[in-house]
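work10.pdb (PDB, C-alpha atoms) appears below.
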```pdb
MODEL        1
ATOM      1  CA  MET S 216     107.026 112.630 132.793
ATOM      2  CA  SER S 217     109.079 113.793 129.878
ATOM      3  CA  ALA S 218     112.835 113.234 129.653
ATOM      4  CA  PRO S 219     114.989 116.282 130.416
ATOM      5  CA  ARG S 220     116.120 118.133 127.341
ATOM      6  CA  PRO S 221     119.620 116.948 126.419
ATOM      7  CA  SER S 222     122.587 119.302 125.992
ATOM      8  CA  CYS S 223     124.173 119.681 122.541
ATOM      9  CA  HIS S 224     126.967 117.371 123.648
ATOM     10  CA  GLU S 225     124.584 114.698 124.916
ATOM     11  CA  MET S 226     122.634 114.998 121.680
ATOM     12  CA  LEU S 227     125.627 113.954 119.601
ATOM     13  CA  ARG S 228     125.870 110.555 121.224
ATOM     14  CA  SER S 229     122.218 109.752 120.602
ATOM     15  CA  LEU S 230     121.830 110.995 117.044
ATOM     16  CA  SER S 231     122.857 107.826 115.251
ATOM     17  CA  ASP S 232     120.341 105.722 117.216
ATOM     18  CA  TYR S 233     117.770 108.484 116.798
ATOM     19  CA  LEU S 234     118.115 108.383 113.009
ATOM     20  CA  ASP S 235     117.878 104.582 113.040
ATOM     21  CA  GLY S 236     114.612 104.874 114.958
ATOM     22  CA  GLU S 237     116.019 102.915 117.858
ATOM     23  CA  LEU S 238     115.256 105.297 120.718
ATOM     24  CA  GLU S 239     112.253 105.350 122.995
ATOM     25  CA  ALA S 240     109.512 107.813 122.146
ATOM     26  CA  GLU S 241     110.236 109.869 125.246
ATOM     27  CA  ILE S 242     113.893 110.384 124.312
ATOM     28  CA  CYS S 243     112.937 111.195 120.719
ATOM     29  CA  ALA S 244     110.562 113.850 122.003
ATOM     30  CA  ALA S 245     113.338 115.373 124.138
ATOM     31  CA  ILE S 246     115.674 115.413 121.146
ATOM     32  CA  GLU S 247     113.032 116.995 118.943
ATOM     33  CA  SER S 248     112.327 119.612 121.557
ATOM     34  CA  HIS S 249     116.052 120.479 121.599
ATOM     35  CA  LEU S 250     116.173 120.543 117.787
ATOM     36  CA  ALA S 251     113.245 122.913 117.585
ATOM     37  CA  GLU S 252     115.341 125.536 119.346
ATOM     38  CA  CYS S 253     118.909 124.744 118.343
ATOM     39  CA  GLU S 254     119.850 125.620 114.781
ATOM     40  CA  ASN S 255     123.351 124.139 115.034
ATOM     41  CA  CYS S 256     122.119 120.751 116.214
ATOM     42  CA  ARG S 257     119.500 120.790 113.472
ATOM     43  CA  ILE S 258     122.278 121.222 110.903
ATOM     44  CA  VAL S 259     124.249 118.400 112.494
ATOM     45  CA  VAL S 260     121.219 116.077 112.384
ATOM     46  CA  ASP S 261     120.383 116.973 108.790
ATOM     47  CA  THR S 262     123.949 116.511 107.576
ATOM     48  CA  LEU S 263     124.348 113.290 109.558
ATOM     49  CA  ARG S 264     121.169 111.940 107.985
ATOM     50  CA  LYS S 265     122.439 112.998 104.574
ATOM     51  CA  THR S 266     125.827 111.390 105.217
ATOM     52  CA  ILE S 267     124.106 108.069 105.896
ATOM     53  CA  THR S 268     121.898 108.498 102.818
ATOM     54  CA  LEU S 269     124.916 109.247 100.620
ATOM     55  CA  TYR S 270     126.630 106.063 101.771
ATOM     56  CA  HIS S 271     123.454 104.061 101.161
ATOM     57  CA  GLN S 272     123.181 105.500  97.649
ATOM     58  CA  TYR S 273     126.856 104.875  97.048
ATOM     59  CA  SER S 274     126.534 101.260  98.211
ATOM     60  CA  GLU S 275     123.593 100.603  95.919
ATOM     61  CA  GLU S 276     125.603 101.342  92.828
ATOM     62  CA  ASP S 277     126.501  98.213  90.983
ATOM     63  CA  LEU S 278     129.661  96.718  92.195
ATOM     64  CA  GLU S 279     129.582  93.454  90.344
ATOM     65  CA  LEU S 280     132.149  90.776  90.731
ATOM     66  CA  PRO S 281     134.417  91.091  87.678
ATOM     67  CA  ALA S 282     134.121  88.003  85.444
ATOM     68  CA  ASP S 283     137.849  87.272  85.597
ATOM     69  CA  VAL S 284     137.815  87.403  89.408
ATOM     70  CA  ARG S 285     134.927  84.928  89.515
ATOM     71  CA  SER S 286     136.638  82.696  87.000
ATOM     72  CA  ARG S 287     139.862  82.580  89.080
ATOM     73  CA  LEU S 288     137.801  81.913  92.209
ATOM     74  CA  PHE S 289     136.029  78.913  90.682
ATOM     75  CA  LYS S 290     139.350  77.624  89.362
ATOM     76  CA  ARG S 291     141.000  77.931  92.767
ATOM     77  CA  LEU S 292     138.091  75.978  94.296
ATOM     78  CA  HIS S 293     138.237  73.343  91.523
ATOM     79  CA  LEU S 294     134.700  74.237  90.518
ATOM     80  CA  GLU S 295     135.389  75.098  86.856
ATOM     81  CA  ASP S 296     132.724  72.624  85.700
ATOM     82  CA  PHE S 297     130.106  74.724  87.456
ATOM     83  CA  LEU S 298     131.158  78.113  86.142
ATOM     84  CA  ASN S 299     128.416  79.752  84.070
ATOM     85  CA  SER S 300     126.026  76.935  84.899
ATOM     86  CA  PRO S 301     122.395  78.006  84.480
ATOM     87  CA  ARG S 302     120.961  79.447  87.687
TER      88      ARG S 302
ATOM     89  CA  MET P 188     122.285  92.873 102.062
ATOM     90  CA  VAL P 189     121.633  89.455 100.667
ATOM     91  CA  LYS P 190     118.552  89.645  98.517
ATOM     92  CA  ASP P 191     116.930  87.994  95.519
ATOM     93  CA  LYS P 192     118.955  84.918  96.206
ATOM     94  CA  GLU P 193     116.697  83.029  98.519
ATOM     95  CA  ALA P 194     114.511  81.411  95.857
ATOM     96  CA  THR P 195     115.967  77.919  96.175
ATOM     97  CA  PRO P 196     117.327  77.488  99.671
ATOM     98  CA  LEU P 197     120.702  75.842  99.912
ATOM     99  CA  SER P 198     120.776  72.425 101.519
ATOM    100  CA  ILE P 199     123.016  72.641 104.570
ATOM    101  CA  GLU P 200     123.041  68.869 104.762
ATOM    102  CA  ALA P 201     124.354  68.564 101.186
ATOM    103  CA  LEU P 202     126.955  71.269 101.902
ATOM    104  CA  ARG P 203     128.110  69.463 105.036
ATOM    105  CA  GLN P 204     128.467  66.236 103.094
ATOM    106  CA  GLY P 205     130.694  67.905 100.507
ATOM    107  CA  ASP P 206     128.242  68.085  97.595
ATOM    108  CA  ARG P 207     130.241  70.030  94.968
ATOM    109  CA  ALA P 208     127.267  71.251  92.970
ATOM    110  CA  GLU P 209     125.693  72.648  96.124
ATOM    111  CA  PHE P 210     128.960  74.286  97.131
ATOM    112  CA  ALA P 211     129.169  75.874  93.664
ATOM    113  CA  ARG P 212     125.668  77.267  94.261
ATOM    114  CA  LEU P 213     126.770  78.668  97.597
ATOM    115  CA  VAL P 214     129.768  80.359  95.986
ATOM    116  CA  GLU P 215     127.649  81.756  93.179
ATOM    117  CA  GLN P 216     125.094  83.175  95.617
ATOM    118  CA  TYR P 217     127.542  84.895  97.904
ATOM    119  CA  ASP P 218     130.722  85.674  95.980
ATOM    120  CA  THR P 219     129.627  89.161  94.929
ATOM    121  CA  TYR P 220     128.653  90.116  98.497
ATOM    122  CA  ILE P 221     131.905  88.801  99.931
ATOM    123  CA  TYR P 222     133.946  90.596  97.285
ATOM    124  CA  ARG P 223     132.145  93.897  97.965
ATOM    125  CA  LEU P 224     132.660  93.521 101.694
ATOM    126  CA  ALA P 225     136.372  92.837 101.290
ATOM    127  CA  LEU P 226     136.849  95.637  98.783
ATOM    128  CA  ARG P 227     135.142  98.126 101.068
ATOM    129  CA  ILE P 228     137.186  97.145 104.094
ATOM    130  CA  LEU P 229     140.491  96.919 102.245
ATOM    131  CA  GLY P 230     140.046  99.411  99.409
ATOM    132  CA  ASN P 231     142.194  97.368  97.077
ATOM    133  CA  PRO P 232     140.937  94.923  94.395
ATOM    134  CA  GLN P 233     143.900  92.551  94.669
ATOM    135  CA  ASP P 234     143.534  92.223  98.442
ATOM    136  CA  ALA P 235     139.777  91.840  98.044
ATOM    137  CA  GLU P 236     140.306  88.973  95.614
ATOM    138  CA  ASP P 237     142.683  87.249  98.027
ATOM    139  CA  VAL P 238     140.110  87.540 100.808
ATOM    140  CA  LEU P 239     137.374  86.248  98.511
ATOM    141  CA  GLN P 240     139.380  83.134  97.679
ATOM    142  CA  GLU P 241     140.516  82.500 101.254
ATOM    143  CA  THR P 242     136.953  82.881 102.528
ATOM    144  CA  PHE P 243     135.588  80.100 100.336
ATOM    145  CA  ILE P 244     138.623  77.873 100.885
ATOM    146  CA  LYS P 245     138.032  78.159 104.639
ATOM    147  CA  ALA P 246     134.299  77.687 104.192
ATOM    148  CA  LEU P 247     134.877  74.502 102.203
ATOM    149  CA  LYS P 248     137.203  73.207 104.891
ATOM    150  CA  HIS P 249     134.914  74.019 107.812
ATOM    151  CA  LEU P 250     131.496  73.300 106.326
ATOM    152  CA  PRO P 251     131.368  69.740 107.713
ATOM    153  CA  SER P 252     131.420  71.251 111.193
ATOM    154  CA  PHE P 253     129.064  74.172 110.456
ATOM    155  CA  ASP P 254     126.595  74.007 113.340
ATOM    156  CA  GLY P 255     123.854  76.198 111.911
ATOM    157  CA  ARG P 256     123.708  78.422 114.989
ATOM    158  CA  SER P 257     124.090  81.434 112.736
ATOM    159  CA  SER P 258     122.858  81.730 109.163
ATOM    160  CA  LEU P 259     125.183  80.711 106.341
ATOM    161  CA  SER P 260     125.514  84.332 105.241
ATOM    162  CA  THR P 261     126.498  85.512 108.738
ATOM    163  CA  TRP P 262     128.984  82.659 108.954
ATOM    164  CA  LEU P 263     130.541  83.545 105.577
ATOM    165  CA  TYR P 264     130.654  87.216 106.448
ATOM    166  CA  ARG P 265     132.427  86.372 109.685
ATOM    167  CA  ILE P 266     135.092  84.365 107.879
ATOM    168  CA  ALA P 267     135.539  87.118 105.282
ATOM    169  CA  THR P 268     135.694  89.911 107.867
ATOM    170  CA  ASN P 269     138.303  88.039 109.879
ATOM    171  CA  GLU P 270     140.365  87.399 106.754
ATOM    172  CA  ALA P 271     140.198  91.073 105.788
ATOM    173  CA  LEU P 272     141.185  92.199 109.280
ATOM    174  CA  MET P 273     144.055  89.719 109.356
ATOM    175  CA  LEU P 274     145.326  91.155 106.096
ATOM    176  CA  LEU P 275     145.125  94.693 107.485
ATOM    177  CA  ARG P 276     146.961  93.575 110.587
ATOM    178  CA  LYS P 277     149.698  91.991 108.497
ATOM    179  CA  GLU P 278     150.093  95.154 106.428
ATOM    180  CA  LYS P 279     150.387  97.224 109.584
ATOM    181  CA  GLY P 280     153.139  94.966 110.885
ATOM    182  CA  GLY P 281     150.991  93.124 113.370
ATOM    183  CA  VAL P 282     149.749  96.083 115.400
ATOM    184  CA  LEU P 283     146.058  96.586 115.061
ATOM    185  CA  SER P 284     143.702  96.790 117.958
ATOM    186  CA  LEU P 285     140.135  95.891 117.198
ATOM    187  CA  ASP P 286     138.913  95.908 120.742
ATOM    188  CA  GLU P 287     138.638  99.627 121.209
ATOM    189  CA  PRO P 288     138.646 102.444 118.749
ATOM    190  CA  SER P 289     141.669 104.680 119.167
ATOM    191  CA  PRO P 290     141.233 108.046 120.912
ATOM    192  CA  ASN P 291     141.399 109.696 117.501
ATOM    193  CA  ASP P 292     138.022 108.210 116.741
ATOM    194  CA  GLU P 293     136.375 110.228 119.464
ATOM    195  CA  GLU P 294     134.260 112.873 117.861
ATOM    196  CA  GLU P 295     134.956 115.162 120.809
ATOM    197  CA  GLN P 296     138.586 115.431 119.727
ATOM    198  CA  GLU P 297     137.950 118.055 117.110
ATOM    199  CA  PRO P 298     135.546 120.992 117.009
ATOM    200  CA  ILE P 299     132.323 119.995 115.402
ATOM    201  CA  GLN P 300     131.734 121.259 111.868
ATOM    202  CA  ILE P 301     128.495 123.161 111.388
ATOM    203  CA  VAL P 302     128.196 123.434 107.630
ATOM    204  CA  ASP P 303     124.750 123.217 106.106
ATOM    205  CA  TRP P 304     125.510 121.197 102.996
ATOM    206  CA  CYS P 305     122.559 118.848 103.000
ATOM    207  CA  CYS P 306     120.560 120.929 100.547
ATOM    208  CA  LEU P 307     123.233 121.016  97.879
ATOM    209  CA  PRO P 308     121.896 119.796  94.539
ATOM    210  CA  GLU P 309     122.137 116.060  93.941
ATOM    211  CA  GLU P 310     124.690 116.435  91.130
ATOM    212  CA  MET P 311     127.080 118.086  93.572
ATOM    213  CA  LEU P 312     126.486 115.442  96.206
ATOM    214  CA  MET P 313     126.896 112.389  94.022
ATOM    215  CA  ASN P 314     129.448 113.331  91.372
ATOM    216  CA  ALA P 315     132.589 111.301  90.695
ATOM    217  CA  GLU P 316     134.724 113.501  92.915
ATOM    218  CA  THR P 317     132.377 113.212  95.884
ATOM    219  CA  LYS P 318     132.253 109.440  95.458
ATOM    220  CA  LYS P 319     136.023 109.332  95.592
ATOM    221  CA  MET P 320     135.857 111.421  98.759
ATOM    222  CA  LEU P 321     133.313 109.008 100.287
ATOM    223  CA  GLU P 322     135.716 106.143  99.614
ATOM    224  CA  GLN P 323     138.688 108.007 101.044
ATOM    225  CA  ALA P 324     136.734 108.892 104.171
ATOM    226  CA  ILE P 325     135.893 105.219 104.784
ATOM    227  CA  ALA P 326     139.569 104.364 104.357
ATOM    228  CA  ARG P 327     140.575 107.026 106.909
ATOM    229  CA  LEU P 328     138.496 105.427 109.669
ATOM    230  CA  SER P 329     140.254 103.108 112.071
ATOM    231  CA  PRO P 330     139.644  99.419 111.199
ATOM    232  CA  ALA P 331     137.410  98.953 114.270
ATOM    233  CA  LEU P 332     135.045 101.683 113.094
ATOM    234  CA  ARG P 333     135.416 101.010 109.376
ATOM    235  CA  VAL P 334     134.303  97.402 109.668
ATOM    236  CA  VAL P 335     131.136  98.389 111.535
ATOM    237  CA  VAL P 336     130.113 101.110 109.105
ATOM    238  CA  VAL P 337     130.823  98.846 106.132
ATOM    239  CA  LEU P 338     128.681  96.036 107.544
ATOM    240  CA  ARG P 339     125.831  98.292 108.693
ATOM    241  CA  ASP P 340     125.623 101.130 106.178
ATOM    242  CA  LEU P 341     127.265  99.696 103.071
ATOM    243  CA  GLN P 342     126.325  96.022 103.233
ATOM    244  CA  GLY P 343     122.994  96.819 104.857
ATOM    245  CA  LEU P 344     123.231  94.274 107.684
ATOM    246  CA  SER P 345     121.323  94.630 110.944
ATOM    247  CA  THR P 346     122.849  95.547 114.298
ATOM    248  CA  ARG P 347     122.276  91.967 115.416
ATOM    249  CA  GLU P 348     123.970  90.396 112.391
ATOM    250  CA  THR P 349     126.883  92.807 112.739
ATOM    251  CA  SER P 350     127.276  91.907 116.409
ATOM    252  CA  GLN P 351     127.299  88.194 115.532
ATOM    253  CA  ILE P 352     129.859  88.684 112.778
ATOM    254  CA  LEU P 353     132.220  90.738 114.939
ATOM    255  CA  LYS P 354     131.438  88.924 118.191
ATOM    256  CA  ILE P 355     130.847  92.167 120.044
ATOM    257  CA  SER P 356     127.693  93.308 121.846
ATOM    258  CA  GLU P 357     124.891  95.093 120.008
ATOM    259  CA  GLU P 358     125.586  98.114 122.221
ATOM    260  CA  ALA P 359     129.200  98.153 121.044
ATOM    261  CA  VAL P 360     128.018  97.987 117.421
ATOM    262  CA  LYS P 361     125.772 100.995 117.983
ATOM    263  CA  THR P 362     128.474 102.993 119.766
ATOM    264  CA  ARG P 363     131.024 102.336 117.038
ATOM    265  CA  LEU P 364     128.518 103.042 114.283
ATOM    266  CA  SER P 365     127.660 106.333 115.946
ATOM    267  CA  ARG P 366     131.333 107.323 116.177
ATOM    268  CA  ALA P 367     131.991 106.276 112.607
ATOM    269  CA  ARG P 368     129.006 108.163 111.197
ATOM    270  CA  LEU P 369     129.810 111.333 113.158
ATOM    271  CA  GLN P 370     133.392 111.164 111.962
ATOM    272  CA  LEU P 371     132.313 110.688 108.347
ATOM    273  CA  ARG P 372     129.846 113.589 108.673
ATOM    274  CA  GLN P 373     132.664 115.707 110.020
ATOM    275  CA  TRP P 374     134.961 114.950 107.069
ATOM    276  CA  LEU P 375     132.177 115.420 104.551
ATOM    277  CA  SER P 376     131.360 118.782 106.117
ATOM    278  CA  GLU P 377     134.996 119.882 105.834
ATOM    279  CA  TYR P 378     135.042 118.733 102.231
ATOM    280  CA  PHE P 379     131.844 120.532 101.200
ATOM    281  CA  HIS P 380     132.922 123.610 103.133
ATOM    282  CA  GLN P 381     136.156 123.788 101.134
ATOM    283  CA  GLN P 382     134.746 122.577  97.849
ATOM    284  CA  TYR P 383     131.767 124.904  97.627
ATOM    285  CA  GLY P 384     132.779 127.680 100.005
ATOM    286  CA  LEU P 385     129.869 127.039 102.353
ATOM    287  CA  GLU P 386     129.924 128.905 105.604
ATOM    288  CA  ASN P 387     131.051 127.104 108.733
ATOM    289  CA  LEU P 388     128.820 128.181 111.605
ATOM    290  CA  ALA P 389     130.900 126.400 114.253
ATOM    291  CA  PRO P 390     131.367 128.614 117.302
TER     292      PRO P 390
ENDMDL
END
```

The structure given in the file should be rewritten as structure tokens.
Amino acid sequence: MSAPRPSCHEMLRSLSDYLDGELEAEICAAIESHLAECENCRIVVDTLRKTITLYHQYSEEDLELPADVRSRLFKRLHLEDFLNSPR
Amino acid sequence: MVKDKEATPLSIEALRQGDRAEFARLVEQYDTYIYRLALRILGNPQDAEDVLQETFIKALKHLPSFDGRSSLSTWLYRIATNEALMLLRKEKGGVLSLDEPSPNDEEEQEPIQIVDWCCLPEEMLMNAETKKMLEQAIARLSPALRVVVVLRDLQGLSTRETSQILKISEEAVKTRLSRARLQLRQWLSEYFHQQYGLENLAP
């Protein structure tokens, strides 16, 4: 038996789990059946997916620890002897 | 996400016994991740540096009693997250509820934005201005939601790790992540709508 097709409002609550692939196949099928006929929800899903992708891309950009911050950290921990030691 | 750093596993025994060289290795392996986490929660380099230092000072102090029930990285993240939240609480004059997101976090509060911006060219989606907007949107979230989205979507941790770090259920992590993502989508939609004059199809 397939799950009943969710309303637009019910869809919203499930979309994050849906995009993470954490829903059961039956619920995914119900969501997809709704999406096939609801343009607005399709836009919400696409832009939600893109929002997550943008944050992933953003987080992958190098955010290195500045050298002076690391140097003060090692000093505070009395680990100066180990700073810049070969890895 | 902690990657490329697992080549030579750290000796928990040596860390517990106060081996300085091993502790230096621990710091070197995780300091960048802890700094990023703190910076993303707090949005301020000076505060992030304070949290970074406090995290390793606390770790050094408590390592002898580290019981290994969680991984070292989860344990460090938990210390750092707590430090960052304490700092936020202090800045807000002691009032900060982390148990439940405030009603303002409910996506139902405002009409949903239906703006089809996902096919905008990449240079419009990832330019300097948009990046600034992404940062500002994270900062606008309530701390309870911000912490979850930072751990899950920016640090790349799993639902399980996030639940261990925050000591909330995996269901609560998912609910908060869902609210946070929908809220961010909403703000991004408003931004792209205004920025590029895209049509809002909201009823």

Self-check item: Explicit residue set for the PyMOL selection byres ((chain S and resi 267) around 10), as an NGL selection string
Solution: (:S and (231 or 234 or 262-266 or 268-273)) or (:P and (336 or 340-341 or 368-369 or 371-372))

Quiz prompt | Test item: residues at most 10 Å from region 264-271 of chain P, only C-alpha atoms, excluding those fewer than 2 positions along its chain, as a VMD selection string | solution = chain P and resid 217 220 to 222 224 to 229 234 to 235 237 to 243 245 to 246 258 to 262 273 to 277 330 334 338 348 to 349 351 to 354

Exercise. Please measure the separation of CA of Thr219 (chain P) and CA of Leu280 (chain S), giving the value in Å to one decimal.
Key: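 Going from CA of Thr219 (chain P) over to CA of Leu280 (chain S), I get 5.2 Å.
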
Excluding Leu197 (chain P) and any residue of its chain fewer than 3 positions from it, enumerate the residues within 9 Å of it, using all atoms listed in the file, and give them as a short mmCIF file (atom, residue, chain, number, x, y, z; two decimals) with C-alpha atoms, keeping the file's coordinate frame.
```
data_model
loop_
_atom_site.label_atom_id
_atom_site.label_comp_id
_atom_site.auth_asym_id
_atom_site.auth_seq_id
_atom_site.Cartn_x
_atom_site.Cartn_y
_atom_site.Cartn_z
CA GLU P 193 116.70 83.03 98.52
CA GLU P 200 123.04 68.87 104.76
CA ALA P 201 124.35 68.56 101.19
CA LEU P 202 126.96 71.27 101.90
CA GLU P 209 125.69 72.65 96.12
CA PHE P 210 128.96 74.29 97.13
CA ARG P 212 125.67 77.27 94.26
CA LEU P 213 126.77 78.67 97.60
#
```

Using only C-alpha atoms, tabulate the residues of chain P lying at most 9 Å from any atom of chain S, each with its closest atom pair and that distance in Å to one decimal, by chain and increasing residue number, as JSON lines.
```
{"residue": "P:Arg207", "atom": "CA", "partner": "S:Leu294", "partner_atom": "CA", "distance": 7.6}
{"residue": "P:Ala208", "atom": "CA", "partner": "S:Phe297", "partner_atom": "CA", "distance": 7.1}
{"residue": "P:Phe210", "atom": "CA", "partner": "S:Leu294", "partner_atom": "CA", "distance": 8.8}
{"residue": "P:Ala211", "atom": "CA", "partner": "S:Phe297", "partner_atom": "CA", "distance": 6.4}
{"residue": "P:Arg212", "atom": "CA", "partner": "S:Arg302", "partner_atom": "CA", "distance": 8.4}
{"residue": "P:Val214", "atom": "CA", "partner": "S:Phe289", "partner_atom": "CA", "distance": 8.3}
{"residue": "P:Glu215", "atom": "CA", "partner": "S:Leu298", "partner_atom": "CA", "distance": 8.7}
{"residue": "P:Asp218", "atom": "CA", "partner": "S:Leu280", "partner_atom": "CA", "distance": 7.5}
{"residue": "P:Thr219", "atom": "CA", "partner": "S:Leu280", "partner_atom": "CA", "distance": 5.2}
{"residue": "P:Tyr220", "atom": "CA", "partner": "S:Leu280", "partner_atom": "CA", "distance": 8.5}
{"residue": "P:Tyr222", "atom": "CA", "partner": "S:Leu280", "partner_atom": "CA", "distance": 6.8}
{"residue": "P:Arg223", "atom": "CA", "partner": "S:Leu278", "partner_atom": "CA", "distance": 6.9}
{"residue": "P:Glu236", "atom": "CA", "partner": "S:Val284", "partner_atom": "CA", "distance": 6.9}
{"residue": "P:Leu239", "atom": "CA", "partner": "S:Leu288", "partner_atom": "CA", "distance": 7.7}
{"residue": "P:Gln240", "atom": "CA", "partner": "S:Leu288", "partner_atom": "CA", "distance": 5.8}
{"residue": "P:Phe243", "atom": "CA", "partner": "S:Leu292", "partner_atom": "CA", "distance": 7.7}
{"residue": "P:Ile244", "atom": "CA", "partner": "S:Leu292", "partner_atom": "CA", "distance": 6.9}
{"residue": "P:Leu247", "atom": "CA", "partner": "S:Leu292", "partner_atom": "CA", "distance": 8.7}
{"residue": "P:Glu294", "atom": "CA", "partner": "S:Leu227", "partner_atom": "CA", "distance": 8.9}
{"residue": "P:Glu295", "atom": "CA", "partner": "S:His224", "partner_atom": "CA", "distance": 8.8}
{"residue": "P:Ile299", "atom": "CA", "partner": "S:Val259", "partner_atom": "CA", "distance": 8.7}
{"residue": "P:Gln300", "atom": "CA", "partner": "S:Val259", "partner_atom": "CA", "distance": 8.0}
{"residue": "P:Ile301", "atom": "CA", "partner": "S:Asn255", "partner_atom": "CA", "distance": 6.4}
{"residue": "P:Val302", "atom": "CA", "partner": "S:Ile258", "partner_atom": "CA", "distance": 7.1}
{"residue": "P:Asp303", "atom": "CA", "partner": "S:Ile258", "partner_atom": "CA", "distance": 5.8}
{"residue": "P:Trp304", "atom": "CA", "partner": "S:Thr262", "partner_atom": "CA", "distance": 6.7}
{"residue": "P:Cys305", "atom": "CA", "partner": "S:Thr262", "partner_atom": "CA", "distance": 5.3}
{"residue": "P:Cys306", "atom": "CA", "partner": "S:Thr262", "partner_atom": "CA", "distance": 9.0}
{"residue": "P:Leu312", "atom": "CA", "partner": "S:Leu269", "partner_atom": "CA", "distance": 7.8}
{"residue": "P:Met313", "atom": "CA", "partner": "S:Leu269", "partner_atom": "CA", "distance": 7.6}
{"residue": "P:Lys318", "atom": "CA", "partner": "S:Tyr273", "partner_atom": "CA", "distance": 7.2}
{"residue": "P:Leu321", "atom": "CA", "partner": "S:Tyr270", "partner_atom": "CA", "distance": 7.5}
{"residue": "P:Asp340", "atom": "CA", "partner": "S:His271", "partner_atom": "CA", "distance": 6.2}
{"residue": "P:Leu341", "atom": "CA", "partner": "S:Ser274", "partner_atom": "CA", "distance": 5.2}
{"residue": "P:Gln342", "atom": "CA", "partner": "S:Ser274", "partner_atom": "CA", "distance": 7.3}
{"residue": "P:Gly343", "atom": "CA", "partner": "S:His271", "partner_atom": "CA", "distance": 8.1}
{"residue": "P:Lys361", "atom": "CA", "partner": "S:Asp232", "partner_atom": "CA", "distance": 7.2}
{"residue": "P:Thr362", "atom": "CA", "partner": "S:Arg228", "partner_atom": "CA", "distance": 8.1}
{"residue": "P:Leu364", "atom": "CA", "partner": "S:Ser231", "partner_atom": "CA", "distance": 7.5}
{"residue": "P:Ser365", "atom": "CA", "partner": "S:Ser231", "partner_atom": "CA", "distance": 5.1}
{"residue": "P:Arg366", "atom": "CA", "partner": "S:Arg228", "partner_atom": "CA", "distance": 8.1}
{"residue": "P:Arg368", "atom": "CA", "partner": "S:Leu263", "partner_atom": "CA", "distance": 7.1}
{"residue": "P:Leu369", "atom": "CA", "partner": "S:Leu263", "partner_atom": "CA", "distance": 6.8}
{"residue": "P:Leu371", "atom": "CA", "partner": "S:Thr266", "partner_atom": "CA", "distance": 7.2}
{"residue": "P:Arg372", "atom": "CA", "partner": "S:Leu263", "partner_atom": "CA", "distance": 5.6}
{"residue": "P:Gln373", "atom": "CA", "partner": "S:Leu263", "partner_atom": "CA", "distance": 8.7}
{"residue": "P:Leu375", "atom": "CA", "partner": "S:Thr266", "partner_atom": "CA", "distance": 7.6}
{"residue": "P:Ser376", "atom": "CA", "partner": "S:Thr262", "partner_atom": "CA", "distance": 7.9}
{"residue": "P:Leu388", "atom": "CA", "partner": "S:Asn255", "partner_atom": "CA", "distance": 7.6}
{"residue": "P:Ala389", "atom": "CA", "partner": "S:Asn255", "partner_atom": "CA", "distance": 7.9}
```

Quiz item: With distances taken over only C-alpha atoms, which of P:Arg203, P:His249, P:Arg363, P:Arg347 is nearest to Leu328 (chain P)?
Solution: P:Arg363

Practice problem: Could you please determine the separation between CA of Ala359 (chain P) and CA of Cys253 (chain S) in Å, to one decimal place? | Solution: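 Spanning CA of Ala359 (chain P) to CA of Cys253 (chain S) is a straight-line distance of 28.6 Å.
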
Self-check item: Separation of CA of Asn387 (chain P) from CA of Met311 (chain P) in Å
Solution: 18.1 Å

Self-check item: Pick from P:Pro390, P:Leu263, P:Leu250, P:Gly230 nearest to Val337 (chain P), counting all atoms listed in the file
Solution: P:Gly230

Quiz item: Restricting the calculation to all atoms listed in the file, which member of P:Gln382, P:Ser345, P:Asn231, P:Ser356 is positioned closest to Glu316 (chain P)?
Solution: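 Smallest distance to Glu316 (chain P) is found for P:Gln382.
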
Listed atoms of region 344-361 of chain P, axis-aligned box, 5 Å per side: centre and edge lengths to one decimal in Å, as JSON?
```
{"center_x": 126.8, "center_y": 94.6, "center_z": 115.0, "size_x": 20.9, "size_y": 22.8, "size_z": 24.5}
```

Self-check item: Residue members of the PyMOL selection byres ((chain S and resi 243) around 12) in the file shown, as a list in words
Solution: Ser217, Ala218, Pro219, Arg220, Pro221, Met226, Ser229, Leu230, Ser231, Asp232, Tyr233, Leu234, Asp235, Gly236, Glu237, Leu238, Glu239, Ala240, Glu241, Ile242, Ala244, Ala245, Ile246, Glu247, Ser248, His249 and Leu250 of chain S
